[in-house]
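So this block is work_20.txt, compact mmCIF, C-alpha atoms:
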# COMPACT_ATOMS: atom_id res chain seq x y z
CA MET A 453 0.00 0.00 0.00
CA SER A 454 1.35 3.43 -0.97
CA PRO A 455 0.47 6.81 0.51
CA PHE A 456 -1.73 9.09 -1.56
CA ILE A 457 0.63 11.75 -2.86
CA ASP A 458 -0.73 14.04 -5.55
CA ALA A 459 1.29 14.05 -8.74
CA THR A 460 1.95 17.78 -8.37
CA ALA A 461 3.25 17.48 -4.78
CA ARG A 462 6.97 17.53 -3.95
CA VAL A 463 8.04 15.16 -1.19
CA HIS A 464 11.71 15.04 -0.21
CA PRO A 465 13.18 11.54 -0.42
CA ALA A 466 14.32 11.84 3.21
CA ALA A 467 10.72 12.35 4.43
CA HIS A 468 8.94 9.44 6.13
CA ILE A 469 5.37 9.03 4.87
CA HIS A 470 3.01 6.40 6.33
CA PRO A 471 1.09 4.38 3.74
CA THR A 472 -2.23 5.88 4.86
CA ALA A 473 -1.07 9.52 4.85
CA VAL A 474 -2.26 12.05 2.26
CA VAL A 475 -0.31 14.86 0.57
CA GLY A 476 -2.40 17.25 -1.49
CA ALA A 477 -1.82 19.02 -4.79
CA HIS A 478 0.97 21.60 -5.14
CA SER A 479 2.29 20.88 -1.65
CA ALA A 480 5.88 20.44 -0.49
CA VAL A 481 7.12 18.18 2.32
CA GLY A 482 10.70 18.85 3.43
CA PRO A 483 13.54 16.55 4.46
CA GLY A 484 13.16 14.70 7.73
CA CYS A 485 9.42 15.29 7.89
CA ARG A 486 7.27 12.50 9.28
CA LEU A 487 3.63 11.92 8.39
CA ASP A 488 2.00 9.31 10.62
CA ALA A 489 -1.04 7.14 9.90
CA TYR A 490 -3.97 9.11 8.47
CA ALA A 491 -2.10 12.40 8.61
CA VAL A 492 -3.25 14.89 5.97
CA VAL A 493 -1.19 17.63 4.37
CA GLY A 494 -3.63 19.69 2.35
CA PRO A 495 -3.10 21.31 -1.03
CA HIS A 496 -0.88 24.38 -1.44
CA THR A 497 0.85 23.59 1.86
CA THR A 498 4.58 23.74 2.63
CA LEU A 499 6.20 21.85 5.51
CA GLY A 500 9.77 22.83 6.34
CA PRO A 501 12.41 20.30 7.39
CA GLY A 502 11.79 18.08 10.39
CA CYS A 503 8.04 18.62 10.86
CA HIS A 504 6.02 15.78 12.40
CA VAL A 505 2.32 15.38 11.61
CA HIS A 506 0.63 12.92 13.96
CA PRO A 507 -2.43 10.76 13.21
CA PHE A 508 -5.62 12.48 12.07
CA ALA A 509 -4.09 15.96 11.97
CA VAL A 510 -5.10 18.08 8.96
CA VAL A 511 -2.38 20.59 8.15
CA GLY A 512 -3.49 22.87 5.33
CA GLY A 513 -7.23 22.40 5.17
CA PRO A 514 -9.41 25.03 3.47
CA ALA A 515 -10.32 28.17 5.40
CA GLN A 516 -13.40 27.83 7.57
CA ASP A 517 -14.79 30.94 5.97
CA ARG A 518 -18.09 31.28 4.10
CA GLN A 519 -16.67 33.72 1.56
CA THR A 520 -13.72 31.55 0.49
CA ASP A 521 -13.93 28.81 -2.13
CA PRO A 522 -12.50 25.66 -0.48
CA ASP A 523 -10.64 24.87 -3.70
CA ALA A 524 -9.02 28.32 -4.00
CA PRO A 525 -5.21 28.14 -4.21
CA PHE A 526 -4.52 29.91 -0.94
CA ARG A 527 -1.58 28.68 1.09
CA LEU A 528 -0.21 27.46 4.40
CA VAL A 529 3.55 27.84 4.90
CA CYS A 530 5.16 26.14 7.91
CA GLY A 531 8.80 26.45 8.95
CA ALA A 532 11.08 23.76 10.35
CA ASP A 533 10.75 21.36 13.28
CA ASN A 534 7.08 21.86 14.06
CA THR A 535 5.07 19.16 15.83
CA PHE A 536 1.38 18.79 14.99
CA ARG A 537 -0.24 16.33 17.38
CA GLU A 538 -3.38 14.22 16.99
CA GLY A 539 -6.40 15.99 15.52
CA VAL A 540 -4.68 19.35 15.02
CA THR A 541 -6.12 21.54 12.25
CA LEU A 542 -4.48 24.47 10.46
CA SER A 543 -6.36 26.40 7.78
CA ARG A 544 -4.94 27.97 4.66
CA GLY A 545 -5.28 31.68 3.95
CA THR A 546 -7.97 33.80 2.30
CA ALA A 547 -8.01 36.70 -0.13
CA ARG A 548 -8.88 39.10 2.70
CA GLY A 549 -5.80 38.10 4.71
CA GLY A 550 -3.11 38.08 2.04
CA GLY A 551 -3.75 34.49 1.01
CA VAL A 552 -1.21 32.84 3.32
CA THR A 553 -1.31 31.36 6.82
CA ARG A 554 2.25 31.28 8.22
CA VAL A 555 3.81 29.24 11.00
CA GLY A 556 7.41 29.78 12.14
CA ASP A 557 9.94 27.23 13.39
CA GLY A 558 9.90 24.92 16.40
CA GLY A 559 6.21 25.11 17.25
CA CYS A 560 4.34 22.58 19.38
CA PHE A 561 0.66 22.25 18.50
CA MET A 562 -0.92 19.84 20.97
CA ALA A 563 -3.91 17.58 20.35
CA HIS A 564 -7.01 19.16 18.80
CA SER A 565 -5.64 22.69 18.73
CA HIS A 566 -6.66 24.87 15.78
CA VAL A 567 -5.04 27.73 13.83
CA GLY A 568 -7.54 29.69 11.78
CA HIS A 569 -7.11 31.11 8.30
CA ASP A 570 -4.52 33.86 7.73
CA GLY A 571 -2.93 33.28 11.13
CA GLN A 572 0.61 34.59 11.55
CA ILE A 573 2.37 32.37 14.09
CA GLY A 574 5.92 33.04 15.30
CA ASP A 575 8.75 30.73 16.31
CA ARG A 576 8.68 28.32 19.26
CA VAL A 577 4.99 28.83 19.92
CA THR A 578 3.15 26.32 22.12
CA LEU A 579 -0.59 25.70 21.80
CA ALA A 580 -1.81 23.24 24.43
CA ASN A 581 -4.67 20.78 23.99
CA GLY A 582 -7.89 22.22 22.60
CA VAL A 583 -6.64 25.77 22.00
CA SER A 584 -8.56 27.60 19.27
CA LEU A 585 -7.27 30.59 17.28
CA GLY A 586 -9.71 32.54 15.12
CA GLY A 587 -8.82 33.86 11.70
CA HIS A 588 -6.12 36.51 11.25
CA VAL A 589 -4.67 35.96 14.75
CA GLU A 590 -1.02 36.96 15.26
CA LEU A 591 1.19 35.24 17.84
CA GLY A 592 4.72 36.50 18.48
CA ASP A 593 7.74 34.30 19.16
CA ASP A 594 7.76 32.12 22.29
CA VAL A 595 4.07 32.58 23.07
CA THR A 596 2.43 29.87 25.18
CA VAL A 597 -1.33 29.31 25.20
CA ALA A 598 -2.55 26.85 27.84
CA GLY A 599 -5.31 24.29 27.40
CA HIS A 600 -8.70 25.15 25.92
CA ALA A 601 -8.06 28.87 25.70
CA ALA A 602 -9.49 30.72 22.70
CA ILE A 603 -8.34 33.86 20.86
CA HIS A 604 -10.74 36.06 18.90
CA GLN A 605 -10.14 36.77 15.23
CA PHE A 606 -7.73 39.63 14.45
CA ALA A 607 -6.30 39.69 17.98
CA ARG A 608 -2.53 39.95 18.49
CA VAL A 609 -0.45 38.32 21.21
CA GLY A 610 3.03 39.71 21.74
CA ARG A 611 6.32 37.89 22.20
CA LEU A 612 6.84 35.78 25.34
CA ALA A 613 3.27 36.25 26.52
CA PHE A 614 1.56 33.47 28.47
CA ILE A 615 -2.17 32.84 28.25
CA ALA A 616 -3.68 30.75 31.04
CA ALA A 617 -5.92 27.73 30.55
CA ASN A 618 -9.54 28.38 29.57
CA ALA A 619 -8.88 32.09 28.96
CA MET A 620 -11.07 33.90 26.44
CA ILE A 621 -8.99 36.51 24.61
CA SER A 622 -10.89 39.20 22.69
CA LEU A 623 -8.34 42.06 22.63
CA ASP A 624 -4.57 42.31 22.11
CA ILE A 625 -2.22 40.80 24.71
CA PRO A 626 1.04 42.80 25.06
CA PRO A 627 4.42 41.05 24.96
CA PHE A 628 5.94 39.63 28.16
CA THR A 629 2.59 39.58 30.00
CA LEU A 630 0.43 36.94 31.66
CA ALA A 631 -3.29 36.88 30.86
CA GLY A 632 -6.14 34.80 32.23
CA GLY A 633 -9.85 34.69 32.88
CA ASP A 634 -13.11 35.14 30.99
CA ARG A 635 -13.04 37.76 29.65
CA ALA A 636 -9.30 37.85 30.08
CA ARG A 637 -7.36 40.42 32.08
CA LEU A 638 -3.63 41.08 32.26
CA LEU A 639 -2.43 39.61 35.55
CA GLY A 640 1.21 40.72 35.49
CA LEU A 641 4.44 39.92 33.70
CA ASN A 642 5.33 36.44 32.51
CA ARG A 643 8.28 36.37 34.89
CA VAL A 644 8.96 32.65 34.56
CA GLY A 645 9.07 32.89 30.77
CA LEU A 646 11.27 35.97 30.88
CA GLN A 647 13.73 34.32 33.25
CA ARG A 648 13.85 31.15 31.16
CA ALA A 649 14.53 33.31 28.10
CA GLY A 650 17.58 34.75 29.85
CA VAL A 651 16.34 38.32 30.24
CA ALA A 652 18.78 40.14 32.53
CA ALA A 653 17.72 41.21 36.02
CA ASP A 654 18.08 44.92 35.26
CA HIS A 655 15.90 44.53 32.17
CA LEU A 656 13.29 42.71 34.25
CA ALA A 657 13.28 45.59 36.72
CA ALA A 658 12.88 48.13 33.90
CA LEU A 659 10.07 46.09 32.38
CA GLU A 660 8.32 45.86 35.75
CA ALA A 661 8.44 49.64 36.07
CA ALA A 662 7.10 50.04 32.53
CA TRP A 663 4.29 47.56 33.29
CA ARG A 664 3.19 49.67 36.26
CA ARG A 665 3.54 52.94 34.37
CA LEU A 666 1.84 51.91 31.13
CA LEU A 667 -0.67 49.25 32.11
CA ARG A 668 -1.42 49.64 35.83
CA THR A 669 -1.73 53.42 35.93
CA PRO A 670 -4.98 54.99 34.67
CA GLY A 671 -4.28 56.65 31.34
CA GLY A 672 -0.76 55.24 31.31
CA ARG A 673 -0.98 53.86 27.78
CA ARG A 674 -0.88 57.43 26.48
CA GLU A 675 2.73 57.56 27.67
CA ALA A 676 3.80 54.66 25.45
CA ASP A 677 5.08 57.00 22.70
CA ALA A 678 7.76 58.24 25.09
CA LEU A 679 9.19 54.73 25.54
CA VAL A 680 9.28 53.34 21.99
CA ASP A 681 13.02 54.10 21.79
CA ASP A 682 13.85 53.11 25.35
CA ALA A 683 17.35 51.75 26.00
CA CYS A 684 15.83 48.55 27.37
CA PRO A 685 14.72 46.53 24.32
CA GLU A 686 11.92 44.78 26.21
CA VAL A 687 10.47 48.11 27.38
CA ALA A 688 10.71 49.49 23.84
CA ALA A 689 8.97 46.39 22.44
CA LEU A 690 6.16 46.72 24.98
CA ALA A 691 5.68 50.40 24.16
CA ARG A 692 5.67 49.79 20.39
CA PHE A 693 3.06 47.08 20.77
CA LEU A 694 0.77 49.44 22.67
CA VAL A 695 1.26 52.25 20.15
CA THR A 696 0.50 50.01 17.17
CA SER A 697 -2.55 48.25 18.61
CA THR A 698 -5.64 48.92 16.51
CA ARG A 699 -7.98 46.37 18.05
CA GLY A 700 -7.42 47.56 21.62
CA VAL A 701 -5.37 46.17 24.51
CA THR A 702 -6.63 43.86 27.24
CA ALA A 703 -7.09 45.68 30.53
CA ALA A 704 -4.91 45.01 33.55
CA GLY A 705 -6.39 43.75 36.77
CA ARG A 706 -7.44 40.55 38.44
CA ALA A 707 -9.59 38.33 36.24
CA ALA A 708 -13.25 38.22 37.23
CA ASP A 709 -13.05 34.50 38.03
CA ASP A 710 -9.68 34.63 39.82
CA PRO A 711 -10.35 33.63 43.46
CA GLY A 712 -7.03 35.18 44.58

Would you encode the structure as structure tokens?
Amino acid sequence: MSPFIDATARVHPAAHIHPTAVVGAHSAVGPGCRLDAYAVVGPHTTLGPGCHVHPFAVVGGPAQDRQTDPDAPFRLVCGADNTFREGVTLSRGTARGGGVTRVGDGGCFMAHSHVGHDGQIGDRVTLANGVSLGGHVELGDDVTVAGHAAIHQFARVGRLAFIAANAMISLDIPPFTLAGGDRARLLGLNRVGLQRAGVAADHLAALEAAWRRLLRTPGGRREADALVDDACPEVAALARFLVTSTRGVTAAGRAADDPG
């Protein structure tokens, strides 16, 4: 028994394809990739080197969007060394979002998580079991989203942010922050993630001060312009995110369902 590989697909000879796997038209599967039993790589989908698609995952399905023809040649482009666990789904792009869903390198997409059409996903992102991202969502590098959380379409999540389990995200989440609750609130800095990323102690202190000034002080976001060129790169990144937010930024404060 041979896997179903469309005649127009390009599969590297060093890829490992299970006999029941499917590779759609005009797709590319890179060296060292592994497609397990009943894994599906949809049409117009690119997998970089070393990606692993587990059973029943559908990587590159059509956009779940009423206005998009499911056979339209929109794309999904994934970088290297991503893991797509059982039942994961990633949708291709749409005309309204530039036509391409992008995933960076080194991502971990746990069982039954979903990336919607036109998503822009950074490097080393972790989506835990059951996480759902709406269309056009942007996740920065090193973002972690815990189990069964959901992110509204067009929302942005900045680099090294952590979203707690079961959180419902409807507005932008700034970089380096921790968010939780329904509807979510910013609960502080993602200190554990920042320390693991090797952020220096003096930068952590500067970021803590910026957090209080910009996000804990009433009207503080209006001061973000003054910090976009700050000497501390993390403070500057936080300020730039606030300045460029068009959807609106999640408010700081204890989540409504936080018993603490």

Around all listed atoms of segment 660-672 of chain A, padded 6 Å per side, what centre and edge lengths does the axis-aligned box have in Å to one decimal, as lines of an AutoDock Vina configuration file?
center_x = 1.7
center_y = 51.3
center_z = 33.7
size_x = 25.4
size_y = 22.8
size_z = 17.1

For Val474 of chain A, the nearest of the candidates A:Thr460, A:Glu660, A:Ala547, A:Pro455, counting only C-alpha atoms: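 Under the stated criterion, the closest residue is A:Pro455.
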
One decimal, in Å: what's the spacing between atom CA of Thr535 of chain A and atom CA of Met562 of chain A?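 Computing the Euclidean distance for atom CA of Thr535 of chain A and atom CA of Met562 of chain A yields 7.9 Å.
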
Residues near Gly531 of chain A, anyone? I mean within 7 Å using all atoms listed in the file, not counting same-chain ones fewer than 4 positions away, as an mmCIF file with C-alpha atoms, in the coordinates of the input.
data_model
loop_
_atom_site.group_PDB
_atom_site.id
_atom_site.type_symbol
_atom_site.label_atom_id
_atom_site.label_comp_id
_atom_site.auth_asym_id
_atom_site.auth_seq_id
_atom_site.Cartn_x
_atom_site.Cartn_y
_atom_site.Cartn_z
ATOM 1 C CA LEU A 499 6.200 21.850 5.510
ATOM 2 C CA GLY A 500 9.770 22.830 6.340
ATOM 3 C CA VAL A 555 3.810 29.240 11.000
ATOM 4 C CA GLY A 556 7.410 29.780 12.140
ATOM 5 C CA ASP A 557 9.940 27.230 13.390
#

As a list in words, please: the residues near Gly582 of chain A (cut-off 7 Å, all atoms listed in the file, same-chain neighbours under 4 positions excluded).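 Listing them by chain and then by number gives Ala563, His564, Ser565, Gly599 and His600 of chain A.
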
Export C-alpha atoms of the chosen residues as a PDB file, keeping the file's coordinate frame?
ATOM      1  CA  ALA A 563      -3.910  17.580  20.350  1.00  0.00           C
ATOM      2  CA  HIS A 564      -7.010  19.160  18.800  1.00  0.00           C
ATOM      3  CA  SER A 565      -5.640  22.690  18.730  1.00  0.00           C
ATOM      4  CA  GLY A 599      -5.310  24.290  27.400  1.00  0.00           C
ATOM      5  CA  HIS A 600      -8.700  25.150  25.920  1.00  0.00           C
TER       6      HIS A 600
END

Tell me which protein, DNA and RNA residues are within 12 Å of Asn534 of chain A, counting all atoms listed in the file, leaving out same-chain ones fewer than 5 positions away, and put them as a ChimeraX atom specification. /A:482,484-487,498-506,511,529,555-562,573-579

What is the atom CA of Leu528 of chain A-atom CA of Thr553 of chain A distance in Å, reported with one decimal?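 Here the two named atoms are 4.7 Å from each other.
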
Show me, as a PyMOL selection string, the residues that have an atom within 10 Å of segment 691-706 of chain A when counting all atoms listed in the file, minus same-chain residues fewer than 3 positions from it. chain A and resi 606-611+621-627+629-633+635-640+662-664+666-669+673-682+685-688+709-712

Mind pulling up the distance from atom CA of Ala509 of chain A to atom CA of Val475 of chain A?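 Computing it gives 12.1 Å between the two atoms.
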
List every protein, DNA or RNA residue that has an atom no more than 10 Å from (-3.4, 16.1, 8.2) in the file's coordinate frame, counting all atoms listed in the file, and report them as a VMD selection string. chain A and resid 473 to 476 487 to 494 505 to 513 536 to 542

Give as a short mmCIF file (atom, residue, chain, number, x, y, z; two decimals) with C-alpha atoms, in the coordinates of the input each residue that has an atom at most 6 Å from (7.4, 38.8, 30.2) in the file, counting only C-alpha atoms.
data_model
loop_
_atom_site.label_atom_id
_atom_site.label_comp_id
_atom_site.auth_asym_id
_atom_site.auth_seq_id
_atom_site.Cartn_x
_atom_site.Cartn_y
_atom_site.Cartn_z
CA LEU A 612 6.84 35.78 25.34
CA PHE A 628 5.94 39.63 28.16
CA THR A 629 2.59 39.58 30.00
CA LEU A 641 4.44 39.92 33.70
CA ASN A 642 5.33 36.44 32.51
CA ARG A 643 8.28 36.37 34.89
CA LEU A 646 11.27 35.97 30.88
#

Counting only C-alpha atoms, what is within 9 Å of Asp517 of chain A, bar same-chain residues fewer than 2 positions away, as a ChimeraX atom specification? /A:514-515,519-522,546,569,587

Taking only C-alpha atoms into account, which of A:Ala580, A:Ala689, A:Ala480, A:Val589 comes nearest Asn618 of chain A? A:Ala580

Determine the nearest neighbour of Asp594 of chain A from the options A:Gly551, A:Gly571, A:Gly645, A:Gly545, counting all atoms listed in the file.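 Result for the nearest residue to Asp594 of chain A: A:Gly645.
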
Fix up segment 517-551 of chain A with N, CA and C atoms, then write it as a tab-separated table (two decimals), keeping the file's coordinate frame.
chain	number	residue	atom	x	y	z
A	517	ASP	N	-14.36	29.58	6.27
A	517	ASP	CA	-14.79	30.94	5.97
A	517	ASP	C	-15.82	30.87	4.84
A	518	ARG	N	-17.00	31.40	5.06
A	518	ARG	CA	-18.09	31.28	4.10
A	518	ARG	C	-17.78	31.95	2.76
A	519	GLN	N	-16.92	32.95	2.77
A	519	GLN	CA	-16.67	33.72	1.56
A	519	GLN	C	-15.51	33.16	0.72
A	520	THR	N	-14.89	32.08	1.18
A	520	THR	CA	-13.72	31.55	0.49
A	520	THR	C	-14.03	30.19	-0.13
A	521	ASP	N	-13.78	30.08	-1.43
A	521	ASP	CA	-13.93	28.81	-2.13
A	521	ASP	C	-12.95	27.80	-1.54
A	522	PRO	N	-13.42	26.64	-1.08
A	522	PRO	CA	-12.50	25.66	-0.48
A	522	PRO	C	-11.43	25.16	-1.42
A	523	ASP	N	-11.64	25.31	-2.73
A	523	ASP	CA	-10.64	24.87	-3.70
A	523	ASP	C	-9.72	26.00	-4.17
A	524	ALA	N	-9.88	27.20	-3.60
A	524	ALA	CA	-9.02	28.32	-4.00
A	524	ALA	C	-7.57	28.03	-3.62
A	525	PRO	N	-6.62	28.50	-4.43
A	525	PRO	CA	-5.21	28.14	-4.21
A	525	PRO	C	-4.50	28.99	-3.16
A	526	PHE	N	-5.17	29.21	-2.04
A	526	PHE	CA	-4.52	29.91	-0.94
A	526	PHE	C	-3.63	28.94	-0.17
A	527	ARG	N	-2.70	29.47	0.63
A	527	ARG	CA	-1.58	28.68	1.09
A	527	ARG	C	-1.46	28.61	2.61
A	528	LEU	N	-0.74	27.57	3.05
A	528	LEU	CA	-0.21	27.46	4.40
A	528	LEU	C	1.28	27.20	4.27
A	529	VAL	N	2.10	28.00	4.95
A	529	VAL	CA	3.55	27.84	4.90
A	529	VAL	C	4.05	27.64	6.33
A	530	CYS	N	4.64	26.48	6.59
A	530	CYS	CA	5.16	26.14	7.91
A	530	CYS	C	6.69	26.04	7.85
A	531	GLY	N	7.35	26.53	8.87
A	531	GLY	CA	8.80	26.45	8.95
A	531	GLY	C	9.27	25.07	9.39
A	532	ALA	N	10.43	25.02	10.00
A	532	ALA	CA	11.08	23.76	10.35
A	532	ALA	C	10.71	23.30	11.76
A	533	ASP	N	10.77	21.99	11.95
A	533	ASP	CA	10.75	21.36	13.28
A	533	ASP	C	9.47	21.66	14.07
A	534	ASN	N	8.37	21.71	13.39
A	534	ASN	CA	7.08	21.86	14.06
A	534	ASN	C	6.48	20.49	14.34
A	535	THR	N	5.78	20.38	15.47
A	535	THR	CA	5.07	19.16	15.83
A	535	THR	C	3.58	19.43	15.85
A	536	PHE	N	2.84	18.66	15.07
A	536	PHE	CA	1.38	18.79	14.99
A	536	PHE	C	0.79	17.49	15.53
A	537	ARG	N	0.22	17.55	16.72
A	537	ARG	CA	-0.24	16.33	17.38
A	537	ARG	C	-1.62	15.91	16.86
A	538	GLU	N	-2.17	14.87	17.49
A	538	GLU	CA	-3.38	14.22	16.99
A	538	GLU	C	-4.54	15.22	16.87
A	539	GLY	N	-5.20	15.20	15.71
A	539	GLY	CA	-6.40	15.99	15.52
A	539	GLY	C	-6.18	17.48	15.35
A	540	VAL	N	-4.95	17.93	15.24
A	540	VAL	CA	-4.68	19.35	15.02
A	540	VAL	C	-5.19	19.77	13.64
A	541	THR	N	-5.70	21.00	13.54
A	541	THR	CA	-6.12	21.54	12.25
A	541	THR	C	-5.52	22.92	12.06
A	542	LEU	N	-4.98	23.15	10.86
A	542	LEU	CA	-4.48	24.47	10.46
A	542	LEU	C	-5.09	24.80	9.11
A	543	SER	N	-5.70	25.98	9.02
A	543	SER	CA	-6.36	26.40	7.78
A	543	SER	C	-5.45	27.24	6.91
A	544	ARG	N	-5.65	27.12	5.60
A	544	ARG	CA	-4.94	27.97	4.66
A	544	ARG	C	-5.52	29.38	4.69
A	545	GLY	N	-4.90	30.28	3.93
A	545	GLY	CA	-5.28	31.68	3.95
A	545	GLY	C	-6.52	31.99	3.14
A	546	THR	N	-6.85	33.29	3.10
A	546	THR	CA	-7.97	33.80	2.30
A	546	THR	C	-7.52	35.05	1.58
A	547	ALA	N	-8.33	35.49	0.62
A	547	ALA	CA	-8.01	36.70	-0.13
A	547	ALA	C	-7.97	37.92	0.78
A	548	ARG	N	-8.80	37.93	1.81
A	548	ARG	CA	-8.88	39.10	2.70
A	548	ARG	C	-7.71	39.18	3.67
A	549	GLY	N	-6.92	38.10	3.77
A	549	GLY	CA	-5.80	38.10	4.71
A	549	GLY	C	-4.46	37.92	4.04
A	550	GLY	N	-4.38	38.23	2.75
A	550	GLY	CA	-3.11	38.08	2.04
A	550	GLY	C	-2.89	36.72	1.42
A	551	GLY	N	-3.80	35.79	1.67
A	551	GLY	CA	-3.75	34.49	1.01
A	551	GLY	C	-2.85	33.46	1.63
